[in-house]
$ cat work-v8.pdb   # PDB, C-alpha atoms
ATOM      1  CA  MET V   1    -131.108 -35.448  22.730
ATOM      2  CA  HIS V   2    -131.247 -32.426  25.037
ATOM      3  CA  PRO V   3    -128.978 -29.628  23.788
ATOM      4  CA  THR V   4    -127.106 -29.550  27.102
ATOM      5  CA  ASP V   5    -126.295 -33.265  26.989
ATOM      6  CA  ALA V   6    -122.669 -33.770  26.048
ATOM      7  CA  LEU V   7    -121.626 -36.490  23.650
ATOM      8  CA  PRO V   8    -119.087 -38.886  25.182
ATOM      9  CA  ALA V   9    -115.557 -37.934  24.182
ATOM     10  CA  SER V  10    -113.873 -40.321  21.771
ATOM     11  CA  ILE V  11    -110.942 -42.398  22.996
ATOM     12  CA  PRO V  12    -107.634 -41.064  21.606
ATOM     13  CA  VAL V  13    -105.471 -43.976  20.441
ATOM     14  CA  VAL V  14    -101.830 -44.316  19.411
ATOM     15  CA  VAL V  15    -100.886 -47.539  17.613
ATOM     16  CA  ALA V  16     -97.302 -48.819  17.781
ATOM     17  CA  GLY V  17     -96.376 -51.226  15.021
ATOM     18  CA  ALA V  18     -99.064 -49.613  12.883
ATOM     19  CA  LEU V  19     -97.933 -51.180   9.598
ATOM     20  CA  GLY V  20     -97.513 -54.686  11.045
ATOM     21  CA  ARG V  21    -100.131 -57.380  10.616
ATOM     22  CA  MET V  22    -101.753 -56.851  14.010
ATOM     23  CA  GLY V  23    -101.120 -53.114  14.089
ATOM     24  CA  ALA V  24    -102.859 -52.663  10.750
ATOM     25  CA  GLU V  25    -105.924 -54.505  12.037
ATOM     26  CA  VAL V  26    -105.972 -52.243  15.104
ATOM     27  CA  VAL V  27    -105.786 -49.101  12.955
ATOM     28  CA  LYS V  28    -108.729 -50.375  10.901
ATOM     29  CA  ALA V  29    -110.750 -51.257  13.997
ATOM     30  CA  VAL V  30    -110.047 -47.930  15.719
ATOM     31  CA  THR V  31    -110.971 -45.860  12.669
ATOM     32  CA  ALA V  32    -114.185 -47.863  12.210
ATOM     33  CA  ALA V  33    -115.228 -47.550  15.863
ATOM     34  CA  GLY V  34    -117.506 -44.606  16.558
ATOM     35  CA  ASP V  35    -116.075 -43.999  20.037
ATOM     36  CA  CYS V  36    -112.359 -43.982  19.130
ATOM     37  CA  ARG V  37    -110.074 -41.673  17.177
ATOM     38  CA  LEU V  38    -106.611 -42.416  15.841
ATOM     39  CA  LEU V  39    -104.168 -39.924  17.322
ATOM     40  CA  GLY V  40    -100.827 -41.401  16.308
ATOM     41  CA  ALA V  41     -99.203 -44.169  14.271
ATOM     42  CA  ILE V  42     -95.728 -45.428  15.164
ATOM     43  CA  ASP V  43     -93.736 -47.714  12.880
ATOM     44  CA  THR V  44     -90.059 -48.195  12.047
ATOM     45  CA  THR V  45     -90.501 -49.559   8.510
ATOM     46  CA  PRO V  46     -87.791 -47.876   6.389
ATOM     47  CA  GLY V  47     -89.038 -45.194   4.016
ATOM     48  CA  LYS V  48     -92.463 -44.774   5.643
ATOM     49  CA  GLU V  49     -91.698 -41.831   7.936
ATOM     50  CA  GLY V  50     -94.211 -39.045   7.286
ATOM     51  CA  ALA V  51     -96.536 -41.118   5.097
ATOM     52  CA  ASP V  52    -100.255 -41.064   5.888
ATOM     53  CA  VAL V  53    -101.049 -44.322   7.681
ATOM     54  CA  GLY V  54    -104.490 -44.511   6.109
ATOM     55  CA  LEU V  55    -103.109 -44.329   2.587
ATOM     56  CA  GLU V  56    -100.477 -46.949   3.428
ATOM     57  CA  LEU V  57    -103.175 -49.358   4.643
ATOM     58  CA  GLY V  58    -105.698 -48.656   1.892
ATOM     59  CA  LEU V  59    -108.124 -46.880   4.216
ATOM     60  CA  GLY V  60    -108.038 -43.491   2.532
ATOM     61  CA  GLU V  61    -106.373 -40.406   3.973
ATOM     62  CA  LEU V  62    -106.596 -40.297   7.781
ATOM     63  CA  GLU V  63    -104.346 -37.248   8.299
ATOM     64  CA  VAL V  64    -102.190 -39.237  10.719
ATOM     65  CA  ALA V  65     -98.540 -39.358   9.705
ATOM     66  CA  ILE V  66     -96.391 -42.390  10.480
ATOM     67  CA  THR V  67     -93.510 -41.665  12.836
ATOM     68  CA  ALA V  68     -90.601 -43.728  14.124
ATOM     69  CA  ASP V  69     -90.194 -41.444  17.157
ATOM     70  CA  PHE V  70     -91.879 -43.522  19.863
ATOM     71  CA  GLU V  71     -91.390 -41.188  22.823
ATOM     72  CA  GLY V  72     -92.035 -38.098  20.734
ATOM     73  CA  CYS V  73     -95.396 -39.493  19.658
ATOM     74  CA  LEU V  74     -96.304 -40.375  23.249
ATOM     75  CA  CYS V  75     -95.388 -36.854  24.364
ATOM     76  CA  GLN V  76     -97.566 -35.294  21.653
ATOM     77  CA  ALA V  77    -100.459 -37.642  22.519
ATOM     78  CA  SER V  78    -100.199 -36.736  26.188
ATOM     79  CA  GLN V  79    -100.160 -33.010  25.416
ATOM     80  CA  ALA V  80    -103.070 -33.303  22.964
ATOM     81  CA  VAL V  81    -105.468 -34.462  25.689
ATOM     82  CA  ARG V  82    -103.994 -32.479  28.570
ATOM     83  CA  SER V  83    -107.038 -30.208  28.884
ATOM     84  CA  ASP V  84    -109.611 -33.005  28.627
ATOM     85  CA  GLY V  85    -109.588 -33.761  32.353
ATOM     86  CA  PRO V  86    -109.308 -36.954  34.470
ATOM     87  CA  GLY V  87    -110.107 -40.236  32.780
ATOM     88  CA  ALA V  88    -109.605 -38.815  29.296
ATOM     89  CA  GLY V  89    -105.988 -39.808  28.688
ATOM     90  CA  ALA V  90    -104.615 -41.229  25.468
ATOM     91  CA  VAL V  91    -104.196 -44.984  25.019
ATOM     92  CA  LEU V  92    -101.236 -46.786  23.432
ATOM     93  CA  VAL V  93    -101.892 -50.092  21.659
ATOM     94  CA  ASP V  94     -98.569 -51.884  21.179
ATOM     95  CA  PHE V  95     -97.951 -54.785  18.816
ATOM     96  CA  THR V  96     -94.223 -54.505  18.181
ATOM     97  CA  HIS V  97     -91.438 -56.836  19.369
ATOM     98  CA  PRO V  98     -90.546 -58.608  22.632
ATOM     99  CA  SER V  99     -87.150 -56.858  22.713
ATOM    100  CA  VAL V 100     -88.761 -53.420  23.194
ATOM    101  CA  VAL V 101     -92.059 -54.190  24.929
ATOM    102  CA  HIS V 102     -90.789 -53.465  28.456
ATOM    103  CA  GLU V 103     -89.274 -50.146  27.384
ATOM    104  CA  HIS V 104     -92.444 -49.177  25.501
ATOM    105  CA  THR V 105     -94.756 -50.018  28.400
ATOM    106  CA  ARG V 106     -92.668 -48.099  30.905
ATOM    107  CA  ALA V 107     -92.415 -45.093  28.599
ATOM    108  CA  ALA V 108     -96.194 -44.999  28.091
ATOM    109  CA  ILE V 109     -96.791 -44.990  31.844
ATOM    110  CA  ALA V 110     -94.159 -42.266  32.314
ATOM    111  CA  TYR V 111     -95.922 -40.029  29.771
ATOM    112  CA  GLY V 112     -99.346 -40.637  31.304
ATOM    113  CA  VAL V 113    -100.543 -42.705  28.337
ATOM    114  CA  HIS V 114    -102.498 -45.863  29.167
ATOM    115  CA  PRO V 115    -100.676 -48.903  27.740
ATOM    116  CA  VAL V 116    -102.618 -51.734  26.102
ATOM    117  CA  ILE V 117     -99.920 -54.292  25.346
ATOM    118  CA  GLY V 118    -100.480 -57.137  22.906
ATOM    119  CA  THR V 119     -96.774 -57.812  22.426
ATOM    120  CA  THR V 120     -95.715 -60.864  24.432
ATOM    121  CA  GLY V 121     -92.334 -61.562  25.994
ATOM    122  CA  LEU V 122     -92.517 -59.745  29.340
ATOM    123  CA  SER V 123     -91.029 -61.773  32.193
ATOM    124  CA  PRO V 124     -92.847 -62.151  35.532
ATOM    125  CA  LYS V 125     -90.224 -59.872  37.086
ATOM    126  CA  GLN V 126     -90.805 -57.202  34.442
ATOM    127  CA  LEU V 127     -94.572 -57.466  34.868
ATOM    128  CA  GLY V 128     -94.166 -56.970  38.601
ATOM    129  CA  GLU V 129     -91.938 -53.923  38.132
ATOM    130  CA  LEU V 130     -94.350 -52.375  35.625
ATOM    131  CA  ALA V 131     -97.324 -53.028  37.911
ATOM    132  CA  VAL V 132     -95.595 -51.157  40.749
ATOM    133  CA  PHE V 133     -94.654 -48.297  38.420
ATOM    134  CA  ALA V 134     -98.213 -48.014  37.043
ATOM    135  CA  GLU V 135     -99.694 -47.981  40.552
ATOM    136  CA  LYS V 136     -97.314 -45.253  41.701
ATOM    137  CA  ALA V 137     -98.054 -43.227  38.567
ATOM    138  CA  GLY V 138    -101.807 -43.754  38.910
ATOM    139  CA  ILE V 139    -102.039 -44.996  35.302
ATOM    140  CA  GLY V 140    -104.292 -47.869  34.313
ATOM    141  CA  GLY V 141    -102.893 -50.328  31.798
ATOM    142  CA  ALA V 142    -103.404 -53.819  30.460
ATOM    143  CA  VAL V 143    -101.034 -56.547  29.281
ATOM    144  CA  ILE V 144    -103.088 -58.971  27.204
ATOM    145  CA  PRO V 145    -101.301 -62.076  25.887
ATOM    146  CA  ASN V 146    -104.313 -62.900  23.717
ATOM    147  CA  PHE V 147    -107.266 -60.673  22.832
ATOM    148  CA  SER V 148    -109.500 -63.547  21.711
ATOM    149  CA  VAL V 149    -112.625 -64.121  23.808
ATOM    150  CA  GLY V 150    -112.582 -67.750  22.627
ATOM    151  CA  MET V 151    -109.083 -68.205  24.051
ATOM    152  CA  VAL V 152    -110.226 -66.852  27.411
ATOM    153  CA  LEU V 153    -112.993 -69.469  27.400
ATOM    154  CA  LEU V 154    -110.448 -72.195  26.591
ATOM    155  CA  GLN V 155    -108.229 -71.085  29.459
ATOM    156  CA  GLN V 156    -111.127 -71.131  31.899
ATOM    157  CA  ALA V 157    -112.143 -74.607  30.712
ATOM    158  CA  ALA V 158    -108.545 -75.838  31.070
ATOM    159  CA  ALA V 159    -108.306 -74.493  34.624
ATOM    160  CA  ALA V 160    -111.559 -76.261  35.510
ATOM    161  CA  ALA V 161    -110.508 -79.552  33.905
ATOM    162  CA  ALA V 162    -107.153 -79.543  35.695
ATOM    163  CA  ARG V 163    -108.913 -80.407  38.956
ATOM    164  CA  PHE V 164    -109.718 -83.837  37.552
ATOM    165  CA  TYR V 165    -106.532 -84.721  35.652
ATOM    166  CA  ASP V 166    -102.954 -85.228  36.782
ATOM    167  CA  PHE V 167    -101.412 -85.398  33.318
ATOM    168  CA  ALA V 168    -101.511 -82.499  30.845
ATOM    169  CA  GLU V 169     -99.444 -81.039  28.022
ATOM    170  CA  LEU V 170     -99.908 -77.783  26.090
ATOM    171  CA  THR V 171     -99.091 -77.139  22.442
ATOM    172  CA  GLU V 172     -99.149 -73.757  20.727
ATOM    173  CA  LEU V 173     -98.825 -73.279  16.977
ATOM    174  CA  HIS V 174     -97.985 -69.961  15.298
ATOM    175  CA  HIS V 175     -96.694 -68.485  12.052
ATOM    176  CA  ASN V 176     -92.946 -68.696  11.611
ATOM    177  CA  ARG V 177     -92.408 -64.940  12.056
ATOM    178  CA  LYS V 178     -93.309 -65.040  15.743
ATOM    179  CA  ALA V 179     -90.171 -64.217  17.715
ATOM    180  CA  ASP V 180     -90.865 -65.667  21.190
ATOM    181  CA  ALA V 181     -91.562 -69.242  22.244
ATOM    182  CA  PRO V 182     -93.560 -70.448  23.995
ATOM    183  CA  SER V 183     -96.241 -67.862  23.342
ATOM    184  CA  GLY V 184     -97.436 -65.578  26.105
ATOM    185  CA  THR V 185    -100.889 -67.093  25.705
ATOM    186  CA  CYS V 186     -99.564 -70.596  26.321
ATOM    187  CA  ILE V 187     -97.653 -69.440  29.387
ATOM    188  CA  LYS V 188    -100.768 -67.687  30.694
ATOM    189  CA  THR V 189    -102.812 -70.866  30.183
ATOM    190  CA  ALA V 190    -100.247 -72.869  32.138
ATOM    191  CA  GLU V 191    -100.285 -70.287  34.937
ATOM    192  CA  LEU V 192    -104.075 -70.520  35.244
ATOM    193  CA  ILE V 193    -103.884 -74.315  35.427
ATOM    194  CA  GLU V 194    -101.136 -74.064  38.049
ATOM    195  CA  GLU V 195    -103.264 -71.917  40.349
ATOM    196  CA  LEU V 196    -104.584 -75.215  41.751
ATOM    197  CA  GLY V 197    -101.177 -75.836  43.277
ATOM    198  CA  LYS V 198    -100.958 -79.338  41.824
ATOM    199  CA  THR V 199     -97.993 -81.191  40.398
ATOM    200  CA  PHE V 200     -98.552 -82.672  36.944
ATOM    201  CA  ASN V 201     -97.016 -85.434  34.859
ATOM    202  CA  GLU V 202     -95.393 -87.526  37.565
ATOM    203  CA  PRO V 203     -92.718 -89.578  35.715
ATOM    204  CA  GLN V 204     -93.797 -93.134  34.942
ATOM    205  CA  VAL V 205     -90.467 -94.181  33.413
ATOM    206  CA  GLU V 206     -86.964 -92.761  33.231
ATOM    207  CA  GLU V 207     -87.210 -90.737  30.041
ATOM    208  CA  HIS V 208     -84.316 -90.197  27.638
ATOM    209  CA  GLU V 209     -84.419 -87.729  24.743
ATOM    210  CA  THR V 210     -82.460 -88.868  21.704
ATOM    211  CA  LEU V 211     -83.125 -85.394  20.279
ATOM    212  CA  ALA V 212     -82.749 -82.590  22.810
ATOM    213  CA  GLY V 213     -85.963 -80.685  23.429
ATOM    214  CA  CYS V 214     -88.312 -83.099  21.707
ATOM    215  CA  ARG V 215     -90.379 -83.447  24.893
ATOM    216  CA  GLY V 216     -90.912 -79.701  25.045
ATOM    217  CA  GLY V 217     -90.187 -77.283  27.867
ATOM    218  CA  GLN V 218     -91.065 -78.380  31.389
ATOM    219  CA  ARG V 219     -92.317 -75.970  34.040
ATOM    220  CA  GLU V 220     -91.816 -76.408  37.781
ATOM    221  CA  SER V 221     -95.365 -77.757  38.035
ATOM    222  CA  GLY V 222     -94.490 -80.573  35.628
ATOM    223  CA  LEU V 223     -96.584 -79.157  32.784
ATOM    224  CA  ARG V 224     -94.904 -79.471  29.401
ATOM    225  CA  LEU V 225     -95.215 -76.793  26.722
ATOM    226  CA  HIS V 226     -94.555 -77.356  23.019
ATOM    227  CA  SER V 227     -94.154 -74.703  20.297
ATOM    228  CA  LEU V 228     -94.620 -75.165  16.540
ATOM    229  CA  ARG V 229     -93.737 -72.514  13.943
ATOM    230  CA  LEU V 230     -94.867 -72.856  10.321
ATOM    231  CA  PRO V 231     -95.954 -70.545   7.502
ATOM    232  CA  GLY V 232     -99.697 -70.784   6.937
ATOM    233  CA  LEU V 233    -100.529 -70.826  10.638
ATOM    234  CA  VAL V 234    -101.945 -67.805  12.457
ATOM    235  CA  ALA V 235    -102.395 -68.648  16.174
ATOM    236  CA  HIS V 236    -103.585 -71.951  17.600
ATOM    237  CA  GLN V 237    -103.463 -73.668  20.980
ATOM    238  CA  GLU V 238    -104.274 -77.118  22.294
ATOM    239  CA  VAL V 239    -104.430 -78.394  25.856
ATOM    240  CA  MET V 240    -104.556 -82.177  26.185
ATOM    241  CA  PHE V 241    -105.374 -83.949  29.449
ATOM    242  CA  GLY V 242    -104.833 -87.670  29.878
ATOM    243  CA  ALA V 243    -106.119 -90.306  32.288
ATOM    244  CA  PRO V 244    -106.391 -94.109  32.138
ATOM    245  CA  GLY V 245    -108.628 -94.965  29.193
ATOM    246  CA  GLU V 246    -109.315 -91.413  27.998
ATOM    247  CA  THR V 247    -107.979 -88.080  26.794
ATOM    248  CA  TYR V 248    -109.687 -84.693  26.947
ATOM    249  CA  THR V 249    -108.574 -82.090  24.402
ATOM    250  CA  LEU V 250    -109.341 -78.365  24.281
ATOM    251  CA  ARG V 251    -108.371 -76.462  21.138
ATOM    252  CA  HIS V 252    -108.747 -72.918  19.876
ATOM    253  CA  ASP V 253    -107.916 -71.770  16.330
ATOM    254  CA  THR V 254    -107.552 -68.186  15.197
ATOM    255  CA  ILE V 255    -108.221 -68.104  11.455
ATOM    256  CA  GLU V 256    -107.933 -64.338  10.928
ATOM    257  CA  ARG V 257    -106.444 -61.568  13.060
ATOM    258  CA  SER V 258    -109.764 -59.745  12.945
ATOM    259  CA  ALA V 259    -110.844 -62.187  15.673
ATOM    260  CA  TYR V 260    -108.769 -60.175  18.147
ATOM    261  CA  MET V 261    -110.406 -56.823  17.470
ATOM    262  CA  PRO V 262    -113.477 -57.150  19.753
ATOM    263  CA  GLY V 263    -111.074 -57.844  22.632
ATOM    264  CA  VAL V 264    -108.845 -54.923  21.653
ATOM    265  CA  LEU V 265    -111.783 -52.503  21.537
ATOM    266  CA  LEU V 266    -113.168 -53.828  24.823
ATOM    267  CA  THR V 267    -109.782 -53.179  26.458
ATOM    268  CA  LEU V 268    -109.544 -49.687  24.946
ATOM    269  CA  ARG V 269    -112.923 -48.861  26.462
ATOM    270  CA  ARG V 270    -111.996 -50.153  29.911
ATOM    271  CA  VAL V 271    -108.325 -49.317  30.415
ATOM    272  CA  ARG V 272    -108.751 -45.662  31.403
ATOM    273  CA  GLN V 273    -110.944 -46.675  34.343
ATOM    274  CA  LEU V 274    -108.378 -49.139  35.711
ATOM    275  CA  HIS V 275    -106.254 -48.374  38.765
ATOM    276  CA  GLY V 276    -102.974 -50.035  37.862
ATOM    277  CA  LEU V 277    -101.807 -52.738  35.478
ATOM    278  CA  VAL V 278    -103.905 -55.853  34.796
ATOM    279  CA  TYR V 279    -102.719 -59.038  33.088
ATOM    280  CA  GLY V 280    -105.076 -61.060  30.908
ATOM    281  CA  LEU V 281    -108.339 -60.354  29.099
ATOM    282  CA  GLU V 282    -110.241 -62.419  31.669
ATOM    283  CA  ARG V 283    -109.661 -59.564  34.159
ATOM    284  CA  LEU V 284    -111.790 -57.276  31.996
ATOM    285  CA  ILE V 285    -114.739 -59.439  30.899
TER     286      ILE V 285
END

$ encode --input "work-v8.pdb" --output "structure tokens"
Amino acid sequence: MHPTDALPASIPVVVAGALGRMGAEVVKAVTAAGDCRLLGAIDTTPGKEGADVGLELGLGELEVAITADFEGCLCQASQAVRSDGPGAGAVLVDFTHPSVVHEHTRAAIAYGVHPVIGTTGLSPKQLGELAVFAEKAGIGGAVIPNFSVGMVLLQQAAAAAARFYDFAELTELHHNRKADAPSGTCIKTAELIEELGKTFNEPQVEEHETLAGCRGGQRESGLRLHSLRLPGLVAHQEVMFGAPGETYTLRHDTIERSAYMPGVLLTLRRVRQLHGLVYGLERLI
């Protein structure tokens, strides 16, 4: 290497929900990646304020203290990279709760921190508002309902298959600590299928539910979405198409949360070059 060649600057990362199941995986992935550095760890777990996040997660001392002050951490992250120039801003990775995801995303944009949002629960209206805000602020960001490359492939296959089938139902299965239903991934899959502009599941009989909701939730397109919640599950999705004499089923199973980390790191490496807010991992690969 020539002595005047500069090494690429590492990507400064703040993780919100750092002690949660997904947040912990992100902290591990960021600290193991040669081109990233952990700048902040946000978590509201009682009694953990000030503790070293690395020691809490069994990674050894990382010299990054856990804080519950979300905006304070964003402010410090923004100031820490202020002199690094254009394209060198800090990145927030958020895996927290649907009730705060809109507030967190907007706050990140306001502080000039690039949001990478894995928390689902944003409404189409909220996504639209955040996209306008990000564009005006000139901050690139990404809302990713599912960071699995395999899930992106399933969604693309489902969108392709929908051209040939008029009947389809989607089922998503998650652990019983997931707060929102249906999952953002399932909604995104339905949206991709609906880009054809077709109507699905034309009624063949007059249906009657003896147990309310047993046929799932029905979208305007006619697609039906079903949600299962059980301990022991991680994240799973199935899209089933039906036609006379056959069914065609697409299924993706996430066995461990580590499966999401390649997608998270890919997004971290791309988000600072974006011009506005993107929705879905397929926009980045």

$ resolve_selection --input "work-v8.pdb" --expression "the PyMOL selection byres ((chain V and resi 42-48) around 12)" --output "PyMOL selection string"
chain V and resi 13-21+23-24+27+38-41+49-53+55-57+64-74+77+92-97+104

$ residues_around --input "work-v8.pdb" --residues "V:Val234" --least-positions-apart "3" --cutoff "7 Å" --atoms "all atoms listed in the file" --output "list in words"
His174, His175, Thr254 and Ile255 of chain V

$ residues_around --input "work-v8.pdb" --residues "stretch 109-113 of chain V" --least-positions-apart "6" --cutoff "12 Å" --atoms "only C-alpha atoms" --output "ChimeraX atom specification"
/V:11-15,39,70-82,86-94,102-103,129-142,268,271-272,276-277

$ atom_distance --input "work-v8.pdb" --atom1 "atom CA of V:Leu265" --atom2 "atom CA of V:Val239"
27.3 Å

$ resolve_selection --input "work-v8.pdb" --expression "the PyMOL selection byres ((chain V and resi 241-244) around 7)" --output "list in words"
Tyr165, Phe167, Ala168, Glu169, Val239, Met240, Gly245, Glu246, Thr247, Tyr248 and Thr249 of chain V

$ resolve_selection --input "work-v8.pdb" --expression "the PyMOL selection byres ((chain V and resi 202) around 12)" --output "PyMOL selection string"
chain V and resi 165-168+198-201+203-207+218+220-224

$ write_last_selection --input "work-v8.pdb" --atoms "C-alpha atoms" --output "compact mmCIF listing (two decimals), in the frame of the given file"
# COMPACT_ATOMS: atom_id res chain seq x y z
CA TYR V 165 -106.53 -84.72 35.65
CA ASP V 166 -102.95 -85.23 36.78
CA PHE V 167 -101.41 -85.40 33.32
CA ALA V 168 -101.51 -82.50 30.84
CA LYS V 198 -100.96 -79.34 41.82
CA THR V 199 -97.99 -81.19 40.40
CA PHE V 200 -98.55 -82.67 36.94
CA ASN V 201 -97.02 -85.43 34.86
CA PRO V 203 -92.72 -89.58 35.72
CA GLN V 204 -93.80 -93.13 34.94
CA VAL V 205 -90.47 -94.18 33.41
CA GLU V 206 -86.96 -92.76 33.23
CA GLU V 207 -87.21 -90.74 30.04
CA GLN V 218 -91.06 -78.38 31.39
CA GLU V 220 -91.82 -76.41 37.78
CA SER V 221 -95.36 -77.76 38.03
CA GLY V 222 -94.49 -80.57 35.63
CA LEU V 223 -96.58 -79.16 32.78
CA ARG V 224 -94.90 -79.47 29.40

$ atom_distance --input "work-v8.pdb" --atom1 "atom CA of V:Arg269" --atom2 "atom CA of V:Ala157"
26.1 Å

$ closest_residue --input "work-v8.pdb" --among "V:Gly197, V:Gly121, V:Gly184, V:Gly150" --to "V:Arg251" --atoms "all atoms listed in the file"
V:Gly150

$ closest_residue --input "work-v8.pdb" --among "V:Thr171, V:Thr189, V:Ser258, V:Gln273" --to "V:Glu238" --atoms "only C-alpha atoms"
V:Thr171

$ closest_residue --input "work-v8.pdb" --among "V:Leu284, V:Val149, V:Val100, V:Ile144" --to "V:Val116" --atoms "all atoms listed in the file"
V:Ile144

$ atom_distance --input "work-v8.pdb" --atom1 "atom CA of V:Gly216" --atom2 "atom CA of V:Pro145"
20.5 Å

$ decode --input "work-v8.pdb" --residues "stretch 159-190 of chain V" --atoms "C-alpha atoms" --output "short mmCIF file (atom, residue, chain, number, x, y, z; two decimals), in the first residue's frame"
data_model
loop_
_atom_site.label_atom_id
_atom_site.label_comp_id
_atom_site.auth_asym_id
_atom_site.auth_seq_id
_atom_site.Cartn_x
_atom_site.Cartn_y
_atom_site.Cartn_z
CA ALA V 159 -44.60 -11.81 -7.59
CA ALA V 160 -43.66 -13.82 -10.68
CA ALA V 161 -46.03 -16.68 -9.85
CA ALA V 162 -48.95 -14.31 -9.26
CA ARG V 163 -49.20 -13.71 -13.00
CA PHE V 164 -50.39 -17.28 -13.45
CA TYR V 165 -52.67 -17.77 -10.43
CA ASP V 166 -55.88 -16.06 -9.36
CA PHE V 167 -56.07 -17.61 -5.90
CA ALA V 168 -53.43 -17.04 -3.21
CA GLU V 169 -53.15 -16.84 0.56
CA LEU V 170 -50.18 -15.85 2.74
CA THR V 171 -49.29 -17.20 6.17
CA GLU V 172 -46.59 -15.83 8.46
CA LEU V 173 -45.42 -17.56 11.62
CA HIS V 174 -43.42 -15.86 14.39
CA HIS V 175 -42.45 -16.21 18.04
CA ASN V 176 -45.13 -15.15 20.48
CA ARG V 177 -43.25 -12.01 21.59
CA LYS V 178 -43.76 -10.27 18.25
CA ALA V 179 -46.05 -7.31 18.83
CA ASP V 180 -47.50 -6.57 15.37
CA ALA V 181 -49.58 -8.77 13.08
CA PRO V 182 -49.44 -9.38 10.23
CA SER V 183 -45.68 -8.98 9.95
CA GLY V 184 -44.19 -6.21 7.86
CA THR V 185 -42.57 -8.87 5.70
CA CYS V 186 -45.93 -10.48 4.94
CA ILE V 187 -47.45 -7.11 4.09
CA LYS V 188 -44.50 -6.32 1.82
CA THR V 189 -44.91 -9.68 0.06
CA ALA V 190 -48.59 -8.95 -0.54
#
